[in-house]
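Printed here is final.csv (CSV, C-alpha atoms):
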```
chain,number,residue,atom,x,y,z
P,4,MET,CA,-32.7,8.3,20.6
P,5,ALA,CA,-30.4,5.7,22.3
P,6,LYS,CA,-26.9,6.8,23.4
P,7,ILE,CA,-24.1,4.4,22.5
P,8,ALA,CA,-20.5,4.6,23.7
P,9,VAL,CA,-17.8,3.2,21.5
P,10,THR,CA,-14.3,2.7,23.0
P,11,GLY,CA,-11.6,2.6,20.4
P,12,ALA,CA,-13.7,4.9,18.4
P,13,GLY,CA,-10.7,6.3,16.4
P,14,GLY,CA,-9.5,2.8,15.4
P,15,TYR,CA,-9.9,0.6,12.4
P,16,ILE,CA,-13.3,-0.9,13.3
P,17,GLY,CA,-14.3,1.9,15.6
P,18,THR,CA,-14.4,4.6,13.0
P,19,LYS,CA,-16.7,2.4,10.7
P,20,LEU,CA,-19.0,1.6,13.7
P,21,VAL,CA,-19.3,5.2,14.7
P,22,ARG,CA,-20.3,6.2,11.1
P,23,ASP,CA,-22.9,3.4,10.9
P,24,LEU,CA,-24.4,4.2,14.3
P,25,LEU,CA,-24.7,7.9,13.5
P,26,ASN,CA,-26.3,7.0,10.1
P,27,GLN,CA,-28.9,4.9,11.9
P,28,GLY,CA,-29.8,7.8,14.3
P,29,PHE,CA,-28.0,6.8,17.4
P,30,GLN,CA,-26.1,9.3,19.7
P,31,VAL,CA,-22.5,8.3,20.0
P,32,ILE,CA,-19.7,9.0,22.5
P,33,GLY,CA,-16.4,8.2,20.9
P,34,ILE,CA,-14.0,7.2,23.6
P,35,ASP,CA,-10.3,6.8,22.7
P,36,ARG,CA,-6.8,8.0,23.3
P,37,TYR,CA,-6.7,8.7,19.6
P,38,PHE,CA,-3.2,7.4,19.1
P,39,PHE,CA,-3.7,7.7,15.3
P,40,GLY,CA,-4.9,11.3,15.4
P,41,LEU,CA,-8.3,13.0,15.6
P,42,ASP,CA,-8.5,13.1,11.8
P,43,THR,CA,-9.9,9.6,11.8
P,44,VAL,CA,-13.1,11.0,13.3
P,45,ALA,CA,-13.0,14.4,11.7
P,46,GLU,CA,-16.0,13.7,9.5
P,47,PHE,CA,-18.2,13.2,12.6
P,48,THR,CA,-17.3,16.3,14.6
P,49,LYS,CA,-20.0,18.5,13.0
P,50,ASP,CA,-22.7,15.9,13.8
P,51,LYS,CA,-24.6,17.1,16.9
P,52,ASN,CA,-25.1,13.4,17.9
P,53,PHE,CA,-21.4,12.7,18.2
P,54,GLN,CA,-19.3,13.5,21.2
P,55,ILE,CA,-15.5,13.0,21.6
P,56,LEU,CA,-14.2,11.7,24.9
P,57,LYS,CA,-10.4,11.6,24.8
P,58,LYS,CA,-9.7,9.2,27.7
P,59,ASP,CA,-7.9,6.0,28.5
P,60,ILE,CA,-10.2,3.1,29.2
P,61,ARG,CA,-8.2,2.4,32.4
P,62,ASP,CA,-9.4,5.8,33.7
P,63,LEU,CA,-13.1,5.6,32.7
P,64,THR,CA,-15.6,6.7,35.4
P,65,VAL,CA,-19.3,6.3,36.1
P,66,GLU,CA,-19.9,9.9,35.1
P,67,ASP,CA,-18.4,9.3,31.6
P,68,LEU,CA,-21.2,6.9,30.8
P,69,ASN,CA,-24.1,8.9,32.1
P,70,GLY,CA,-27.2,8.1,30.0
P,71,VAL,CA,-25.4,5.5,27.9
P,72,GLU,CA,-27.6,2.5,27.0
P,73,ALA,CA,-25.0,0.3,25.4
P,74,ILE,CA,-21.3,0.2,25.1
P,75,CYS,CA,-19.2,-1.3,22.3
P,76,ASP,CA,-15.8,-2.0,23.8
P,77,LEU,CA,-13.2,-2.1,21.0
P,78,ALA,CA,-10.3,-0.4,22.7
P,79,CYS,CA,-7.1,-2.4,22.9
P,80,LEU,CA,-3.6,-2.8,21.6
P,81,SER,CA,-4.7,-4.4,18.5
P,82,ASN,CA,-3.4,-7.5,16.7
P,83,ASP,CA,-1.0,-10.3,17.7
P,84,PRO,CA,2.4,-8.7,16.8
P,85,ALA,CA,1.5,-5.4,18.6
P,86,GLY,CA,0.7,-7.3,21.7
P,87,GLU,CA,4.3,-8.6,21.9
P,88,ILE,CA,5.9,-5.2,22.1
P,89,ASP,CA,5.3,-5.0,25.9
P,90,PRO,CA,3.3,-7.9,27.3
P,91,LYS,CA,2.8,-6.2,30.6
P,92,LEU,CA,1.2,-3.2,28.9
P,93,THR,CA,-0.9,-5.4,26.7
P,94,TYR,CA,-2.4,-7.2,29.7
P,95,ALA,CA,-2.9,-3.8,31.4
P,96,ILE,CA,-5.0,-2.4,28.5
P,97,ASN,CA,-6.5,-5.4,26.7
P,98,ARG,CA,-7.5,-7.3,29.8
P,99,ASP,CA,-7.5,-5.0,32.8
P,100,GLY,CA,-8.7,-2.0,30.9
P,101,ARG,CA,-11.6,-3.8,29.3
P,102,ILE,CA,-12.6,-5.4,32.6
P,103,ASN,CA,-12.6,-1.8,34.0
P,104,VAL,CA,-14.9,-0.7,31.2
P,105,ALA,CA,-17.4,-3.5,31.9
P,106,LYS,CA,-17.4,-2.9,35.6
P,107,ILE,CA,-17.9,0.9,35.2
P,108,ALA,CA,-20.6,0.2,32.6
P,109,LYS,CA,-22.5,-2.0,35.1
P,110,LYS,CA,-22.2,0.6,37.8
P,111,SER,CA,-23.4,3.3,35.4
P,112,GLY,CA,-26.6,1.4,34.6
P,113,VAL,CA,-25.6,0.6,31.0
P,114,THR,CA,-28.0,-2.1,29.7
P,115,LYS,CA,-25.7,-3.8,27.2
P,116,TYR,CA,-21.9,-4.3,27.1
P,117,ILE,CA,-20.4,-5.8,23.9
P,118,ILE,CA,-16.8,-6.8,23.8
P,119,SER,CA,-14.8,-7.0,20.6
P,120,SER,CA,-13.1,-10.3,21.0
P,121,SER,CA,-11.2,-12.3,18.3
P,122,CYS,CA,-11.1,-15.6,16.6
P,123,SER,CA,-7.4,-15.5,17.6
P,124,VAL,CA,-8.4,-17.0,20.9
P,125,TYR,CA,-8.6,-20.4,19.0
P,126,GLY,CA,-4.9,-20.1,18.3
P,127,ASN,CA,-3.3,-23.2,17.0
P,128,ALA,CA,-6.3,-25.5,16.8
P,129,ASP,CA,-6.4,-29.3,16.5
P,130,GLU,CA,-9.7,-29.3,14.6
P,131,LEU,CA,-11.6,-27.4,11.9
P,132,ASP,CA,-15.0,-25.8,12.0
P,133,LEU,CA,-14.5,-24.4,15.5
P,134,SER,CA,-17.7,-23.3,17.3
P,135,GLU,CA,-18.1,-21.0,20.3
P,136,THR,CA,-18.0,-24.1,22.6
P,137,SER,CA,-14.7,-25.4,21.1
P,138,LYS,CA,-11.5,-25.5,23.1
P,139,THR,CA,-9.6,-22.2,23.0
P,140,ASN,CA,-5.8,-22.3,22.5
P,141,PRO,CA,-4.4,-18.7,22.3
P,142,VAL,CA,-0.8,-18.5,21.4
P,143,SER,CA,-0.1,-14.8,21.6
P,144,VAL,CA,-0.3,-12.2,24.4
P,145,TYR,CA,-2.9,-10.4,22.4
P,146,ALA,CA,-5.1,-13.5,22.2
P,147,LYS,CA,-4.5,-14.5,25.8
P,148,SER,CA,-5.3,-11.1,27.2
P,149,THR,CA,-8.4,-10.8,25.0
P,150,LEU,CA,-9.7,-14.2,26.1
P,151,GLN,CA,-9.2,-13.3,29.8
P,152,ALA,CA,-11.1,-10.1,29.4
P,153,GLU,CA,-13.9,-11.9,27.5
P,154,GLN,CA,-14.2,-14.5,30.2
P,155,SER,CA,-14.1,-12.1,33.1
P,156,ASN,CA,-16.7,-9.7,31.6
P,157,LEU,CA,-19.1,-12.5,30.8
P,158,GLU,CA,-19.2,-13.3,34.5
P,159,LEU,CA,-20.6,-9.8,35.2
P,160,SER,CA,-23.8,-10.5,33.2
P,161,ASP,CA,-27.1,-10.6,35.0
P,162,LYS,CA,-30.7,-9.8,34.2
P,163,ASN,CA,-30.0,-6.0,34.3
P,164,PHE,CA,-26.6,-6.1,32.6
P,165,SER,CA,-26.3,-8.0,29.3
P,166,VAL,CA,-22.8,-9.0,28.2
P,167,THR,CA,-22.0,-10.3,24.7
P,168,ALA,CA,-18.7,-11.3,23.2
P,169,LEU,CA,-18.1,-11.0,19.4
P,170,ARG,CA,-15.2,-13.1,18.3
P,171,ASN,CA,-14.3,-11.4,15.1
P,172,ALA,CA,-12.6,-13.1,12.2
P,173,THR,CA,-9.6,-11.4,10.6
P,174,VAL,CA,-11.0,-8.2,9.2
P,175,PHE,CA,-10.5,-6.7,5.7
P,176,GLY,CA,-11.8,-3.6,3.9
P,177,LEU,CA,-11.4,0.2,3.9
P,178,SER,CA,-11.5,2.4,7.0
P,179,ASN,CA,-10.8,6.0,8.1
P,180,ARG,CA,-8.0,4.5,10.2
P,181,MET,CA,-6.7,2.2,7.5
P,182,ARG,CA,-4.7,-0.9,8.4
P,183,PHE,CA,-2.2,-2.6,6.1
P,184,ASP,CA,-1.1,-5.1,8.6
P,185,LEU,CA,-4.1,-7.4,8.1
P,186,VAL,CA,-3.7,-10.3,5.7
P,187,VAL,CA,-6.1,-9.3,2.9
P,188,ASN,CA,-5.3,-5.6,3.1
P,189,LEU,CA,-1.6,-6.2,3.2
P,190,MET,CA,-1.6,-8.6,0.2
P,191,THR,CA,-3.7,-6.1,-1.8
P,192,LEU,CA,-1.2,-3.3,-1.0
P,193,SER,CA,1.8,-5.6,-1.9
P,194,ALA,CA,0.2,-6.6,-5.2
P,195,PHE,CA,-0.5,-2.9,-6.0
P,196,GLN,CA,3.0,-1.6,-5.0
P,197,LYS,CA,5.2,-4.5,-5.9
P,198,LYS,CA,3.2,-6.7,-8.2
P,199,ARG,CA,4.2,-9.5,-5.8
P,200,ILE,CA,2.7,-11.3,-2.8
P,201,ILE,CA,4.9,-13.3,-0.3
P,202,VAL,CA,3.0,-16.0,1.5
P,203,MET,CA,4.7,-17.2,4.7
P,204,GLY,CA,4.6,-20.7,6.1
P,205,GLY,CA,3.7,-22.3,2.8
P,206,GLY,CA,0.2,-20.8,3.0
P,207,HIS,CA,-1.5,-23.9,4.4
P,208,GLN,CA,-2.7,-22.1,7.6
P,209,TRP,CA,-6.4,-21.5,7.9
P,210,ARG,CA,-7.9,-18.0,8.6
P,211,PRO,CA,-11.5,-16.9,8.9
P,212,LEU,CA,-12.2,-13.5,7.2
P,213,VAL,CA,-14.9,-10.8,7.5
P,214,HIS,CA,-15.4,-7.4,6.0
P,215,ILE,CA,-15.3,-4.4,8.3
P,216,SER,CA,-18.9,-3.4,7.4
P,217,ASP,CA,-20.1,-6.8,8.5
P,218,VAL,CA,-18.4,-6.5,11.9
P,219,SER,CA,-20.0,-3.1,12.4
P,220,LYS,CA,-23.4,-4.6,11.5
P,221,ALA,CA,-22.9,-7.4,14.0
P,222,PHE,CA,-22.4,-4.9,16.8
P,223,ILE,CA,-25.5,-3.0,15.8
P,224,LYS,CA,-27.4,-6.3,15.6
P,225,ILE,CA,-26.5,-7.0,19.2
P,226,ILE,CA,-27.6,-3.5,20.3
P,227,GLU,CA,-31.0,-3.9,18.6
P,228,SER,CA,-31.6,-7.5,19.7
P,229,ASP,CA,-33.7,-8.6,22.6
P,230,ILE,CA,-31.5,-9.1,25.7
P,231,SER,CA,-32.8,-12.7,26.1
P,232,ASN,CA,-31.1,-13.6,22.9
P,233,VAL,CA,-27.7,-12.0,23.5
P,234,ASN,CA,-27.0,-12.0,27.2
P,235,ALA,CA,-24.0,-14.0,28.3
P,236,GLU,CA,-23.5,-15.2,24.7
P,237,ILE,CA,-20.4,-15.6,22.5
P,238,PHE,CA,-20.8,-15.3,18.8
P,239,ASN,CA,-18.2,-16.0,16.1
P,240,ILE,CA,-18.4,-13.3,13.4
P,241,GLY,CA,-17.1,-14.1,9.9
P,242,LEU,CA,-17.8,-14.7,6.3
P,243,ASN,CA,-15.8,-17.9,5.5
P,244,ASN,CA,-12.5,-19.6,6.1
P,245,TYR,CA,-9.6,-19.6,3.7
P,246,GLN,CA,-6.1,-21.0,3.5
P,247,ILE,CA,-3.5,-18.2,3.3
P,248,LYS,CA,-2.2,-19.2,-0.1
P,249,ASN,CA,-5.8,-19.2,-1.5
P,250,ILE,CA,-6.3,-15.6,-0.2
P,251,ALA,CA,-3.2,-14.6,-2.3
P,252,TYR,CA,-4.6,-16.3,-5.4
P,253,LEU,CA,-8.0,-14.5,-4.9
P,254,VAL,CA,-6.1,-11.2,-4.5
P,255,ARG,CA,-4.2,-11.8,-7.7
P,256,GLU,CA,-7.4,-12.5,-9.6
P,257,GLN,CA,-8.7,-9.0,-8.8
P,258,PHE,CA,-5.8,-7.2,-10.5
P,259,PRO,CA,-5.7,-6.2,-14.2
P,260,PHE,CA,-2.0,-7.0,-14.4
P,261,GLU,CA,0.2,-10.0,-13.5
P,262,ILE,CA,1.0,-10.6,-9.9
P,263,ASP,CA,3.8,-13.0,-8.7
P,264,ILE,CA,3.1,-15.2,-5.7
P,265,ASP,CA,6.1,-16.5,-3.7
P,266,LEU,CA,5.5,-19.3,-1.1
P,267,ALA,CA,8.0,-19.0,1.8
P,268,PRO,CA,8.3,-22.2,3.9
P,269,ASP,CA,8.7,-20.6,7.4
P,270,ASP,CA,6.5,-18.4,9.5
P,271,ALA,CA,6.8,-17.5,13.2
P,272,ASP,CA,3.1,-17.1,13.4
P,273,LYS,CA,1.7,-20.5,14.5
P,274,ARG,CA,-2.0,-19.6,14.4
P,275,ASN,CA,-4.1,-22.0,12.4
P,276,TYR,CA,-7.9,-22.1,12.8
P,277,SER,CA,-11.1,-22.5,10.8
P,278,VAL,CA,-14.3,-21.2,12.4
P,279,ASN,CA,-18.0,-21.9,12.3
P,280,PHE,CA,-20.5,-19.0,12.1
P,281,GLU,CA,-23.8,-20.8,12.3
P,282,LYS,CA,-24.7,-19.8,15.9
P,283,ILE,CA,-25.4,-16.1,15.1
P,284,LEU,CA,-27.2,-17.1,11.9
P,285,GLN,CA,-29.5,-19.5,13.8
P,286,LYS,CA,-30.0,-17.3,16.9
P,287,LEU,CA,-30.1,-13.8,15.4
P,288,ASN,CA,-30.5,-14.4,11.6
P,289,PHE,CA,-27.3,-12.6,11.0
P,290,SER,CA,-24.7,-13.4,8.4
P,291,ALA,CA,-21.8,-11.6,6.8
P,292,GLU,CA,-22.5,-10.4,3.3
P,293,VAL,CA,-19.5,-8.6,1.7
P,294,SER,CA,-17.4,-11.0,-0.4
P,295,LEU,CA,-13.6,-11.2,-0.3
P,296,GLN,CA,-13.5,-10.2,-3.9
P,297,ASN,CA,-15.5,-7.0,-3.4
P,298,GLY,CA,-13.3,-6.1,-0.4
P,299,ILE,CA,-10.1,-6.5,-2.5
P,300,GLN,CA,-11.6,-4.5,-5.3
P,301,GLU,CA,-12.5,-1.6,-3.1
P,302,ILE,CA,-9.0,-1.4,-1.6
P,303,TYR,CA,-7.4,-1.7,-5.0
P,304,LEU,CA,-9.6,1.1,-6.5
P,305,ALA,CA,-8.9,3.3,-3.5
P,306,LEU,CA,-5.1,2.8,-3.9
P,307,LYS,CA,-5.3,3.4,-7.6
P,308,ASN,CA,-7.3,6.6,-7.2
P,309,GLY,CA,-5.1,7.9,-4.3
P,310,LYS,CA,-8.0,7.8,-1.8
P,311,VAL,CA,-6.4,5.7,1.0
P,312,ASP,CA,-3.4,6.4,3.2
P,313,TYR,CA,-0.7,3.6,3.3
P,314,GLY,CA,1.8,5.6,5.4
P,315,PRO,CA,3.4,4.6,8.8
P,316,LYS,CA,0.1,4.9,10.7
P,317,THR,CA,-1.4,2.0,8.8
P,318,VAL,CA,1.0,-0.6,10.4
P,319,THR,CA,-0.1,-0.8,14.0
P,320,VAL,CA,2.9,-2.4,15.6
P,321,GLN,CA,5.3,0.1,13.9
P,322,TRP,CA,3.2,3.1,14.9
P,323,TYR,CA,3.1,1.9,18.6
P,324,ARG,CA,6.9,1.6,18.5
P,325,ASN,CA,7.1,5.1,17.0
P,326,ILE,CA,5.0,6.5,19.8
P,327,ILE,CA,7.1,4.7,22.5
P,328,GLU,CA,10.4,5.9,21.0
P,329,ALA,CA,9.1,9.5,20.6
P,330,ALA,CA,8.1,9.5,24.3
P,331,LYS,CA,11.6,8.4,25.3
P,332,LEU,CA,13.1,11.1,23.2
P,333,ILE,CA,10.8,13.8,24.7
P,334,ASP,CA,11.5,12.6,28.2
P,335,SER,CA,15.3,12.8,27.6
P,336,ILE,CA,15.2,16.4,26.4
P,337,LYS,CA,12.4,17.8,28.5
P,338,ASP,CA,13.3,20.6,31.0
P,339,GLY,CA,10.4,20.8,33.4
P,340,ASN,CA,7.4,21.5,31.2
P,341,ARG,CA,9.6,22.8,28.3
P,342,ILE,CA,10.3,20.7,25.3
P,343,ILE,CA,12.0,23.5,23.3
```

What would the structure in this file look like if it were written as structure tokens?
Amino acid sequence: MAKIAVTGAGGYIGTKLVRDLLNQGFQVIGIDRYFFGLDTVAEFTKDKNFQILKKDIRDLTVEDLNGVEAICDLACLSNDPAGEIDPKLTYAINRDGRINVAKIAKKSGVTKYIISSSCSVYGNADELDLSETSKTNPVSVYAKSTLQAEQSNLELSDKNFSVTALRNATVFGLSNRMRFDLVVNLMTLSAFQKKRIIVMGGGHQWRPLVHISDVSKAFIKIIESDISNVNAEIFNIGLNNYQIKNIAYLVREQFPFEIDIDLAPDDADKRNYSVNFEKILQKLNFSAEVSLQNGIQEIYLALKNGKVDYGPKTVTVQWYRNIIEAAKLIDSIKDGNRII
């Protein structure tokens, strides 16, 4: 039974990947600081094949990865707005931390390293249908640090250490660590709560989308593939490309009541990219399967039935700010080791 390490195991994609790996019979080490609480992995704690390692990826050691055959590296300060809170910290974690994971994995004898990259590295693109060989143009600290980690870690690949980068489209769908700061999820929540969706920038921007279960399947596909087909390779992972305004219209169609759509002319987010997903289909016979409509429906039904959290932890950038402010408060009142 192969042992797989997942960094960022308590995160949005990580919790789904851990579940799928365990369901397929793998042993899993869930590595994370668990910023969003251990409850995101509570369902796995009774599984004898799951082990929690509460640790920062910047402090990972060779001993931590003893017996691990593959590592899925998802740990980072996720999404573009969150990366702007503290650019220095973002580079320290998203670039330097993930470079450390890859180097430690190689020293530990791990066979496969898979980095969770992002289609955000294409940034403000001058062309449509971007392939893995197209020019990258990251516009955010998150995207720039992600691209640098991806490039540095691919250089570590050799015949004994396979490195693969998965450039994920914008993800949607339900998770144990739910996020309502991703476009489809946020629009669905807004439609449910306010019967209204606000589309910034006129909605003409292009975004590739992919369901969370398909991202998880892509990681497992790399784990199970022959090294000759995945080593030193980059794969775009996605379902299809949509203009933001059309996403709003598709969300509206999934609701049984009227939803207003407001088009706002300005948007500080300058990303605009449409991505091609043919490479992984041709090379590994992998394609995303879950439709946007099905993903919207599952979120709507979960909201309707009270089965999904939409509290402060579901907006990543705000939760990071809460943690930073809480740390400042504790430091200001702490007397030695005493808080109270």

Item checked: Proximity to Thr43 (chain P) - best of P:Ile201, P:Gln151, P:Gly13, P:Arg210, only C-alpha atoms -> P:Gly13

Which residues of region 187-285 of chain P have any atom within 12 Å of an atom in region 67-85 of chain P when counting all atoms listed in the file, and what is the closest pair of atoms for each, with the distance in Å to one decimal? Order the rows by chain and rising number and write it as CSV.
```
residue,atom,partner,partner_atom,distance
P:Val218,CA,P:Leu77,CA,11.4
P:Ser219,CA,P:Cys75,CA,10.1
P:Ala221,CA,P:Cys75,CA,10.9
P:Phe222,CA,P:Cys75,CA,7.3
P:Ile223,CA,P:Cys75,CA,9.2
P:Lys224,CA,P:Cys75,CA,11.7
P:Ile225,CA,P:Ala73,CA,9.7
P:Ile226,CA,P:Ala73,CA,6.9
P:Glu227,CA,P:Ala73,CA,10.0
P:Ser228,CA,P:Ala73,CA,11.7
P:Ile230,CA,P:Ala73,CA,11.4
P:Ala271,CA,P:Pro84,CA,10.5
P:Asp272,CA,P:Asp83,CA,9.0
P:Lys273,CA,P:Asp83,CA,11.0
P:Arg274,CA,P:Asp83,CA,9.9
```

Next item on the list: Kindly indicate which residue among P:Asp59, P:Asp50, P:Glu236, P:Asp23 lies nearest to Thr10 (chain P), using all atoms listed in the file for the distances.
Entry: P:Asp59

Margin query: Could you check the closest approach to Ile215 (chain P) for each of P:Gly176, P:Gly112, P:Gly241, P:Gly33 and tell me which residue wins, using only C-alpha atoms?
Written below: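 Closest to Ile215 (chain P), using only C-alpha atoms: P:Gly176.
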
Next item on the list: Can you work out the spacing between CA of Lys307 (chain P) and CA of Thr18 (chain P) in Å, to one decimal?
Entry: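 Interatomic distance, CA of Lys307 (chain P) to CA of Thr18 (chain P): 22.6 Å.
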
Checklist line | CA of Arg199 (chain P) to CA of Val213 (chain P), distance in Å rounded to a single decimal | finding: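 One can read the CA of Arg199 (chain P) to CA of Val213 (chain P) distance as 23.3 Å.
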
Output as a compact mmCIF listing (two decimals), in the coordinates of the input: region 142-168 of chain P, completed with N, CA and C atoms.
```txt
# COMPACT_ATOMS: atom_id res chain seq x y z
N VAL P 142 -2.23 -18.37 21.41
CA VAL P 142 -0.80 -18.50 21.40
C VAL P 142 -0.03 -17.19 21.51
N SER P 143 -0.73 -16.07 21.47
CA SER P 143 -0.10 -14.80 21.60
C SER P 143 -0.61 -14.02 22.82
N VAL P 144 0.16 -13.03 23.26
CA VAL P 144 -0.30 -12.20 24.40
C VAL P 144 -1.57 -11.50 24.06
N TYR P 145 -1.70 -11.01 22.83
CA TYR P 145 -2.90 -10.40 22.40
C TYR P 145 -4.13 -11.28 22.59
N ALA P 146 -4.02 -12.51 22.11
CA ALA P 146 -5.10 -13.50 22.20
C ALA P 146 -5.40 -13.89 23.62
N LYS P 147 -4.35 -14.12 24.40
CA LYS P 147 -4.50 -14.50 25.80
C LYS P 147 -5.20 -13.45 26.62
N SER P 148 -4.76 -12.21 26.45
CA SER P 148 -5.30 -11.10 27.20
C SER P 148 -6.78 -10.84 26.78
N THR P 149 -7.06 -11.01 25.49
CA THR P 149 -8.40 -10.80 25.00
C THR P 149 -9.35 -11.89 25.55
N LEU P 150 -8.90 -13.14 25.58
CA LEU P 150 -9.70 -14.20 26.10
C LEU P 150 -10.01 -14.02 27.59
N GLN P 151 -9.01 -13.58 28.35
CA GLN P 151 -9.20 -13.30 29.80
C GLN P 151 -10.20 -12.21 30.03
N ALA P 152 -10.14 -11.16 29.22
CA ALA P 152 -11.10 -10.10 29.40
C ALA P 152 -12.51 -10.55 29.02
N GLU P 153 -12.62 -11.31 27.95
CA GLU P 153 -13.90 -11.90 27.50
C GLU P 153 -14.52 -12.72 28.63
N GLN P 154 -13.74 -13.63 29.20
CA GLN P 154 -14.20 -14.50 30.20
C GLN P 154 -14.63 -13.79 31.50
N SER P 155 -13.80 -12.84 31.92
CA SER P 155 -14.10 -12.10 33.10
C SER P 155 -15.35 -11.25 32.99
N ASN P 156 -15.53 -10.62 31.83
CA ASN P 156 -16.70 -9.70 31.60
C ASN P 156 -17.98 -10.49 31.45
N LEU P 157 -17.92 -11.67 30.86
CA LEU P 157 -19.10 -12.50 30.80
C LEU P 157 -19.66 -12.87 32.12
N GLU P 158 -18.78 -12.99 33.10
CA GLU P 158 -19.20 -13.30 34.50
C GLU P 158 -19.97 -12.20 35.13
N LEU P 159 -19.89 -10.99 34.59
CA LEU P 159 -20.60 -9.80 35.20
C LEU P 159 -22.05 -9.77 34.73
N SER P 160 -22.42 -10.58 33.77
CA SER P 160 -23.80 -10.50 33.20
C SER P 160 -24.83 -10.91 34.25
N ASP P 161 -25.96 -10.22 34.21
CA ASP P 161 -27.10 -10.60 35.00
C ASP P 161 -28.36 -10.09 34.27
N LYS P 162 -29.50 -10.16 34.90
CA LYS P 162 -30.70 -9.80 34.20
C LYS P 162 -30.80 -8.30 33.85
N ASN P 163 -29.99 -7.49 34.52
CA ASN P 163 -30.00 -6.00 34.30
C ASN P 163 -28.80 -5.59 33.44
N PHE P 164 -27.83 -6.47 33.25
CA PHE P 164 -26.60 -6.10 32.60
C PHE P 164 -26.23 -7.20 31.58
N SER P 165 -26.53 -6.97 30.32
CA SER P 165 -26.30 -8.00 29.30
C SER P 165 -24.84 -7.82 28.76
N VAL P 166 -24.14 -8.95 28.73
CA VAL P 166 -22.80 -9.00 28.20
C VAL P 166 -22.70 -9.95 27.04
N THR P 167 -22.13 -9.47 25.94
CA THR P 167 -22.00 -10.30 24.70
C THR P 167 -20.57 -10.16 24.21
N ALA P 168 -19.99 -11.28 23.79
CA ALA P 168 -18.70 -11.30 23.20
C ALA P 168 -18.76 -11.62 21.72
```
